[in-house]
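First up is the structure itself, then whatever we jot down about it.
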Amino acid sequence: MSLGFVQPGFGQRVRSSKTASETSRRVRFVTRAVAAPAAPSAPAPTIAPAPELYKIASDLGEKNSKKPIWKIFISSILGGAYIGYGSLLALTVGGACPGLLATNPGLQQMVFGAFGLPFGLMMVLVTGAELFTGNTMTVSAAFHEKKVSVSDIAKSWIVSFGGNLVGSVLLAYLAAASGVLATAAGPLAVAKAKTSLPFIQLLVRGILCNWLVTAAVYMASGARDLGGKMIAIWFPISAFVAMKFEHSVANMFMIPFGIMLGAGVSWQSFFLGNLLPVTLGNIVGGALIMATMNAVIFGSALKKKIVS
C-alpha cells in the first residue's frame with residue numbers, strides 16, 4: 001500500500017522557491033547596506049599635535065639652512081621689508097594715539113601691538129620669506145636632530161640677519177622719502193626710547209620677545225589653514241609688542257626710520273645701544289629656550305643623550 005504521493009516536479013519547485021526567497025533577502029540586505037548613510041568622520045585637526053610641531057620646525061630649519069646663500073639673502077631682504085611694513089603700520093595706528101597714551105597707556109600699547117607686527121609676520125610665513133629671529137629656533141632644532149652642522153647655523157643666521165637689515169633699512173628709507181609720518185612724533189619717540197635703555201634690560205627684553213615670536217612661528221608652521229596661522233601669530237606677537245619687549249628685525253626698521261625723520265639718534269647708538277643686546281637676547285630666546293627645551297621634550301637625539 002502506498003504511504004504518500006509526490007507530485008512530479010514538486011521538489012524542484014520548493015527548492016526554486018527557497019532560492020528565490022534567499023536571493024530576494026540578500027538583495028534587500030545589500031540595498032539597505034548601500035543606502036545606509038556613512039558615519040560622519042571626525043573633523044581634521046586645525047593644527048598639528050605638539051610632537052609633530054617640533055618635527056615640522058626642525059624640518060623647516062633643515063630646508064632653510066640648506067638653501068644657497070644668494071637665495072637666503074634675497075628671501076631675507078623680503079622678510080625684513082615685510083616686518084618693516086608691519087612696524088610702519090604699528091607706528092601709523094598705535095603710535096599715532098597721543099591722547100590714548102596720556103589717558104590709558106596700557107590700551108595704547110595693546111593697539112600698538114594688535115595692528116602691525118602680526119600682519120608683518122603673517123606675510124613672512126605665508127610667502128616663505130626668511131626671518132633671522134625665526135631661524136634661531138628652527139635651525140637650532142634641526143641641529144639638535146643632527147640634520148644640520150654648525151656651519152649651516154652660521155650661514156643661516158649671518159646671511160638672514162644681513163638680509164633682514166638691508167630689507168628693513170631699505171623700507172625705512174622709502175617710507176621716509178614718501179613723507180608718511182613726516183610730522184608725527186611717534187617714530188621719533190620710539191627711536192629715542194629704544195636706544196635709551198640699559199644693556200641688560202634690552203638683553204632680557206630680547207630673550208622674552210623671541211621666546212614669544214618663535215612660539216608663534218612654531219605654532220603657525222603647524223597650522224593647517226590660513227585662519228589657523230593668523231590666530232597662532234596674532235596672540236604671541238601682539239602680546240610681546242604690548243609688553244614692550246624687543247625684536248631685532250622690527251628695530252632694524254623702527255630706529256633707522258626715526259633717525260631718517262630727525263630723531264637725533266646716531267647710527268652708533270642704534271647698533272651698539274640697541275641692536276647688539278637685543279640680537280643676543282633674541283638668540284637666547286629662540287635657540288636656547290624654545291628650540292632646546294622642545295628638543296629635550298619631543299626630539300630624539302638630544303633626549304637620548306640626556307637619558308644616557
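Ordered as shown in the C-alpha cells, chains take letters A, B, and onward, while each chain numbers its residues from 1 and ligands are numbered from 1 in the order shown.
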Find the nearest atom pair between each residue of stretch 54-110 of chain A and stretch 176-194 of chain A for residues within 7 Å, count only C-alpha atoms, give distances in Å to one decimal, sort rows by chain and ascending number, and present the table as JSON lines.
```
{"residue": "A:Leu91", "atom": "CA", "partner": "A:Pro187", "partner_atom": "CA", "distance": 6.5}
{"residue": "A:Gly95", "atom": "CA", "partner": "A:Gly186", "partner_atom": "CA", "distance": 5.1}
{"residue": "A:Ala96", "atom": "CA", "partner": "A:Gly186", "partner_atom": "CA", "distance": 6.1}
```
Within 10 Å of A:Met219, counting only C-alpha atoms, which residues show up once you throw out same-chain ones fewer than 4 positions away? Write them as a PDB file with all heavy atoms, in the first residue's frame, please.
```pdb
ATOM      1  N   ILE A  47      45.439  72.121  13.687  1.00  0.00           N
ATOM      2  CA  ILE A  47      46.866  72.320  13.946  1.00  0.00           C
ATOM      3  C   ILE A  47      47.482  70.981  14.308  1.00  0.00           C
ATOM      4  O   ILE A  47      46.811  70.102  14.869  1.00  0.00           O
ATOM      5  CB  ILE A  47      47.085  73.356  15.078  1.00  0.00           C
ATOM      6  CG1 ILE A  47      48.565  73.759  15.169  1.00  0.00           C
ATOM      7  CG2 ILE A  47      46.584  72.836  16.412  1.00  0.00           C
ATOM      8  CD1 ILE A  47      48.810  74.960  16.059  1.00  0.00           C
ATOM      9  N   ALA A  48      48.721  70.792  13.945  1.00  0.00           N
ATOM     10  CA  ALA A  48      49.413  69.537  14.224  1.00  0.00           C
ATOM     11  C   ALA A  48      49.600  69.356  15.726  1.00  0.00           C
ATOM     12  O   ALA A  48      49.713  70.334  16.473  1.00  0.00           O
ATOM     13  CB  ALA A  48      50.772  69.535  13.521  1.00  0.00           C
ATOM     14  N   PRO A  49      49.644  68.106  16.214  1.00  0.00           N
ATOM     15  CA  PRO A  49      49.916  67.868  17.642  1.00  0.00           C
ATOM     16  C   PRO A  49      51.326  68.297  18.009  1.00  0.00           C
ATOM     17  O   PRO A  49      52.193  68.450  17.143  1.00  0.00           O
ATOM     18  CB  PRO A  49      49.715  66.360  17.785  1.00  0.00           C
ATOM     19  CG  PRO A  49      49.894  65.812  16.412  1.00  0.00           C
ATOM     20  CD  PRO A  49      49.412  66.867  15.466  1.00  0.00           C
ATOM     21  N   ALA A  50      51.552  68.478  19.298  1.00  0.00           N
ATOM     22  CA  ALA A  50      52.818  69.051  19.775  1.00  0.00           C
ATOM     23  C   ALA A  50      54.067  68.327  19.270  1.00  0.00           C
ATOM     24  O   ALA A  50      55.008  68.986  18.810  1.00  0.00           O
ATOM     25  CB  ALA A  50      52.805  69.111  21.302  1.00  0.00           C
ATOM     26  N   LEU A  53      54.638  69.320  15.735  1.00  0.00           N
ATOM     27  CA  LEU A  53      55.063  70.716  15.598  1.00  0.00           C
ATOM     28  C   LEU A  53      56.583  70.815  15.663  1.00  0.00           C
ATOM     29  O   LEU A  53      57.200  71.560  14.896  1.00  0.00           O
ATOM     30  CB  LEU A  53      54.450  71.576  16.704  1.00  0.00           C
ATOM     31  CG  LEU A  53      52.963  71.897  16.614  1.00  0.00           C
ATOM     32  CD1 LEU A  53      52.531  72.725  17.826  1.00  0.00           C
ATOM     33  CD2 LEU A  53      52.646  72.654  15.329  1.00  0.00           C
ATOM     34  N   TYR A  54      57.185  70.074  16.579  1.00  0.00           N
ATOM     35  CA  TYR A  54      58.642  70.113  16.697  1.00  0.00           C
ATOM     36  C   TYR A  54      59.304  69.549  15.439  1.00  0.00           C
ATOM     37  O   TYR A  54      60.283  70.107  14.937  1.00  0.00           O
ATOM     38  CB  TYR A  54      59.101  69.333  17.926  1.00  0.00           C
ATOM     39  CG  TYR A  54      60.598  69.263  18.039  1.00  0.00           C
ATOM     40  CD1 TYR A  54      61.329  70.370  18.465  1.00  0.00           C
ATOM     41  CD2 TYR A  54      61.297  68.115  17.680  1.00  0.00           C
ATOM     42  CE1 TYR A  54      62.718  70.324  18.535  1.00  0.00           C
ATOM     43  CE2 TYR A  54      62.675  68.056  17.743  1.00  0.00           C
ATOM     44  CZ  TYR A  54      63.380  69.173  18.175  1.00  0.00           C
ATOM     45  OH  TYR A  54      64.747  69.124  18.229  1.00  0.00           O
ATOM     46  N   ILE A  56      58.055  69.514  12.416  1.00  0.00           N
ATOM     47  CA  ILE A  56      57.861  70.496  11.342  1.00  0.00           C
ATOM     48  C   ILE A  56      58.895  71.611  11.466  1.00  0.00           C
ATOM     49  O   ILE A  56      59.488  72.049  10.479  1.00  0.00           O
ATOM     50  CB  ILE A  56      56.431  71.064  11.395  1.00  0.00           C
ATOM     51  CG1 ILE A  56      55.417  69.987  10.990  1.00  0.00           C
ATOM     52  CG2 ILE A  56      56.296  72.282  10.477  1.00  0.00           C
ATOM     53  CD1 ILE A  56      53.975  70.380  11.217  1.00  0.00           C
ATOM     54  N   ALA A  57      59.130  72.069  12.696  1.00  0.00           N
ATOM     55  CA  ALA A  57      60.099  73.149  12.918  1.00  0.00           C
ATOM     56  C   ALA A  57      61.508  72.709  12.533  1.00  0.00           C
ATOM     57  O   ALA A  57      62.244  73.450  11.867  1.00  0.00           O
ATOM     58  CB  ALA A  57      60.057  73.598  14.376  1.00  0.00           C
ATOM     59  N   THR A 214      59.175  83.047  18.376  1.00  0.00           N
ATOM     60  CA  THR A 214      59.426  81.700  17.867  1.00  0.00           C
ATOM     61  C   THR A 214      58.304  80.743  18.252  1.00  0.00           C
ATOM     62  O   THR A 214      58.044  79.771  17.527  1.00  0.00           O
ATOM     63  CB  THR A 214      60.778  81.161  18.361  1.00  0.00           C
ATOM     64  OG1 THR A 214      60.866  81.295  19.791  1.00  0.00           O
ATOM     65  CG2 THR A 214      61.922  81.925  17.720  1.00  0.00           C
ATOM     66  N   ALA A 215      57.618  81.012  19.349  1.00  0.00           N
ATOM     67  CA  ALA A 215      56.425  80.212  19.665  1.00  0.00           C
ATOM     68  C   ALA A 215      55.357  80.430  18.607  1.00  0.00           C
ATOM     69  O   ALA A 215      54.666  79.485  18.184  1.00  0.00           O
ATOM     70  CB  ALA A 215      55.894  80.580  21.049  1.00  0.00           C
ATOM     71  N   ALA A 223      49.949  74.934  11.573  1.00  0.00           N
ATOM     72  CA  ALA A 223      48.527  75.183  11.322  1.00  0.00           C
ATOM     73  C   ALA A 223      48.152  74.707   9.931  1.00  0.00           C
ATOM     74  O   ALA A 223      48.932  74.833   8.989  1.00  0.00           O
ATOM     75  CB  ALA A 223      48.212  76.667  11.489  1.00  0.00           C
ATOM     76  N   GLY A 228      44.118  79.464  10.834  1.00  0.00           N
ATOM     77  CA  GLY A 228      44.875  78.940  11.968  1.00  0.00           C
ATOM     78  C   GLY A 228      46.225  79.617  12.109  1.00  0.00           C
ATOM     79  O   GLY A 228      46.683  79.898  13.229  1.00  0.00           O
ATOM     80  N   LYS A 229      46.886  79.877  10.991  1.00  0.00           N
ATOM     81  CA  LYS A 229      48.176  80.572  11.044  1.00  0.00           C
ATOM     82  C   LYS A 229      48.013  81.979  11.621  1.00  0.00           C
ATOM     83  O   LYS A 229      48.838  82.430  12.425  1.00  0.00           O
ATOM     84  CB  LYS A 229      48.791  80.647   9.648  1.00  0.00           C
ATOM     85  CG  LYS A 229      49.246  79.304   9.078  1.00  0.00           C
ATOM     86  CD  LYS A 229      49.882  79.468   7.721  1.00  0.00           C
ATOM     87  CE  LYS A 229      50.247  78.128   7.103  1.00  0.00           C
ATOM     88  NZ  LYS A 229      51.287  77.415   7.872  1.00  0.00           N
ATOM     89  N   ILE A 231      45.718  83.140  13.682  1.00  0.00           N
ATOM     90  CA  ILE A 231      45.453  83.099  15.128  1.00  0.00           C
ATOM     91  C   ILE A 231      46.733  82.781  15.893  1.00  0.00           C
ATOM     92  O   ILE A 231      47.037  83.400  16.918  1.00  0.00           O
ATOM     93  CB  ILE A 231      44.358  82.064  15.439  1.00  0.00           C
ATOM     94  CG1 ILE A 231      43.015  82.528  14.865  1.00  0.00           C
ATOM     95  CG2 ILE A 231      44.238  81.837  16.946  1.00  0.00           C
ATOM     96  CD1 ILE A 231      41.921  81.500  14.954  1.00  0.00           C
ATOM     97  N   ALA A 232      47.498  81.788  15.390  1.00  0.00           N
ATOM     98  CA  ALA A 232      48.746  81.408  16.058  1.00  0.00           C
ATOM     99  C   ALA A 232      49.739  82.561  16.092  1.00  0.00           C
ATOM    100  O   ALA A 232      50.544  82.678  17.023  1.00  0.00           O
ATOM    101  CB  ALA A 232      49.359  80.201  15.354  1.00  0.00           C
ATOM    102  N   ILE A 233      49.699  83.412  15.088  1.00  0.00           N
ATOM    103  CA  ILE A 233      50.603  84.562  15.020  1.00  0.00           C
ATOM    104  C   ILE A 233      50.114  85.708  15.886  1.00  0.00           C
ATOM    105  O   ILE A 233      50.891  86.323  16.624  1.00  0.00           O
ATOM    106  CB  ILE A 233      50.748  85.032  13.555  1.00  0.00           C
ATOM    107  CG1 ILE A 233      51.540  84.016  12.727  1.00  0.00           C
ATOM    108  CG2 ILE A 233      51.397  86.410  13.471  1.00  0.00           C
ATOM    109  CD1 ILE A 233      51.470  84.246  11.234  1.00  0.00           C
TER     110      ILE A 233
END
```
- Identify, on the basis of only C-alpha atoms, every residue whose closest approach to A:Leu171 does not exceed 8 Å; exclude the query and any residue fewer than 5 positions from it along the same chain; express the result as a PyMOL selection string. chain A and resi 81+84-85+253
- Separation of atom CA of A:Phe115 from atom CA of A:Ser248, in Å and rounded to one decimal: 18.5 Å
- Item | DSSP helix (DSSP H, G or I) residues within stretch 26-190 of chain A, as JSON, numbers by chain | {"A": [26, 27, 28, 29, 30, 31, 32, 33, 34, 35, 50, 51, 52, 53, 54, 55, 56, 57, 58, 59, 60, 61, 62, 63, 64, 65, 69, 70, 71, 72, 73, 74, 75, 76, 77, 78, 79, 80, 81, 82, 83, 84, 85, 86, 87, 88, 89, 90, 91, 92, 93, 94, 95, 96, 98, 99, 100, 101, 102, 103, 105, 106, 107, 108, 109, 110, 111, 112, 113, 114, 117, 118, 119, 120, 121, 122, 123, 124, 125, 126, 127, 132, 133, 134, 135, 136, 137, 138, 139, 140, 141, 142, 143, 144, 150, 151, 152, 153, 154, 155, 156, 157, 158, 159, 160, 161, 162, 163, 164, 165, 166, 167, 168, 169, 170, 171, 172, 173, 174, 175, 176, 177, 178, 186, 187, 188, 189, 190]}
- Nearby residues (only C-alpha atoms) at most 7 Å from stretch 280-289 of chain A, same-chain spacing under 3 positions excluded, as a list in words: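 My reading of the contact set: Thr133, Thr136, Met137, Ser140, Leu203, Val204, Gly206, Ile207, Leu208, Cys209, Asn210, Trp211, Thr214, Leu276, Pro277, Thr292 and Met293 of chain A.
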- Give me the residues within 10 Å of A:Leu117 as a PyMOL selection string, counting only C-alpha atoms and dropping any in the same chain fewer than 6 places off. chain A and resi 82-90+123+233-234+237-238+240-241+250
Store the residues picked out above, limited to C-alpha atoms, as an mmCIF file, in the first residue's frame.
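So again.cif came out as:
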```cif
data_model
loop_
_atom_site.group_PDB
_atom_site.id
_atom_site.type_symbol
_atom_site.label_atom_id
_atom_site.label_comp_id
_atom_site.auth_asym_id
_atom_site.auth_seq_id
_atom_site.Cartn_x
_atom_site.Cartn_y
_atom_site.Cartn_z
ATOM 1 C CA TYR A 82 57.610 92.637 5.464
ATOM 2 C CA ILE A 83 58.441 93.176 9.135
ATOM 3 C CA GLY A 84 59.164 96.793 8.220
ATOM 4 C CA TYR A 85 55.681 97.116 6.744
ATOM 5 C CA GLY A 86 54.235 95.725 9.960
ATOM 6 C CA SER A 87 56.293 98.164 12.021
ATOM 7 C CA LEU A 88 55.183 101.070 9.844
ATOM 8 C CA LEU A 89 51.544 100.069 10.331
ATOM 9 C CA ALA A 90 52.055 99.889 14.105
ATOM 10 C CA MET A 123 53.398 87.906 5.320
ATOM 11 C CA ILE A 233 50.603 84.562 15.020
ATOM 12 C CA TRP A 234 48.319 87.263 16.392
ATOM 13 C CA ILE A 237 53.079 88.853 18.538
ATOM 14 C CA SER A 238 50.556 91.396 19.770
ATOM 15 C CA PHE A 240 55.205 90.914 23.004
ATOM 16 C CA VAL A 241 54.651 94.363 21.461
ATOM 17 C CA ALA A 250 61.458 95.232 13.922
#
```
As a tab-separated table (two decimals) with C-alpha atoms, in the first residue's frame, please: the residues near stretch 156-164 of chain A (cut-off 10 Å, only C-alpha atoms, same-chain neighbours under 3 positions excluded).
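Just written: part-v8.tsv:
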```
chain	number	residue	atom	x	y	z
A	61	GLY	CA	65.22	74.65	9.77
A	62	GLU	CA	66.98	72.00	7.69
A	64	ASN	CA	66.07	76.86	5.07
A	65	SER	CA	69.68	76.34	6.10
A	66	LYS	CA	70.46	74.20	3.05
A	67	LYS	CA	69.43	76.92	0.58
A	68	PRO	CA	72.16	78.68	-1.43
A	69	ILE	CA	73.46	81.85	0.19
A	70	TRP	CA	72.02	84.11	-2.52
A	71	LYS	CA	68.55	82.64	-2.04
A	72	ILE	CA	68.67	83.07	1.74
A	73	PHE	CA	69.85	86.65	1.31
A	74	ILE	CA	67.11	87.67	-1.15
A	75	SER	CA	64.43	85.91	0.92
A	76	SER	CA	65.73	87.74	3.98
A	77	ILE	CA	65.54	91.12	2.26
A	78	LEU	CA	61.87	90.39	1.66
A	79	GLY	CA	61.45	89.22	5.25
A	80	GLY	CA	62.98	92.42	6.60
A	81	ALA	CA	60.75	94.51	4.36
A	82	TYR	CA	57.61	92.64	5.46
A	83	ILE	CA	58.44	93.18	9.13
A	84	GLY	CA	59.16	96.79	8.22
A	129	ALA	CA	60.45	84.72	3.33
A	130	GLU	CA	63.37	84.36	5.76
A	131	LEU	CA	63.48	85.85	9.25
A	132	PHE	CA	66.59	85.78	11.42
A	133	THR	CA	64.64	85.54	14.67
A	134	GLY	CA	62.65	82.55	13.44
A	135	ASN	CA	65.80	80.86	12.15
A	136	THR	CA	67.35	80.96	15.62
A	139	VAL	CA	67.77	75.83	12.54
A	150	VAL	CA	77.42	74.37	12.97
A	151	SER	CA	78.48	75.89	9.64
A	152	ASP	CA	74.87	75.62	8.43
A	153	ILE	CA	73.73	77.52	11.52
A	167	GLY	CA	65.33	94.99	3.66
A	168	SER	CA	64.32	96.85	6.81
A	169	VAL	CA	66.56	99.86	6.22
A	170	LEU	CA	65.56	99.99	2.56
A	248	SER	CA	65.85	92.92	16.48
A	249	VAL	CA	64.31	92.88	12.99
A	250	ALA	CA	61.46	95.23	13.92
A	252	MET	CA	66.00	97.44	12.13
A	253	PHE	CA	63.10	99.42	10.70
A	279	THR	CA	70.06	90.37	18.94
A	283	ILE	CA	69.29	84.23	20.05
```
- Message: What's around A:Gln268 at 10 Å? Count only C-alpha atoms, leave out sequence neighbours fewer than 6 positions away in its own chain, and write the answer as a PyMOL selection string.
- Response: chain A and resi 195+274-275
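For the atom pair formed by atom CA of A:Leu174 and atom CA of A:Pro256, the distance is 11.4 Å, given to one decimal.
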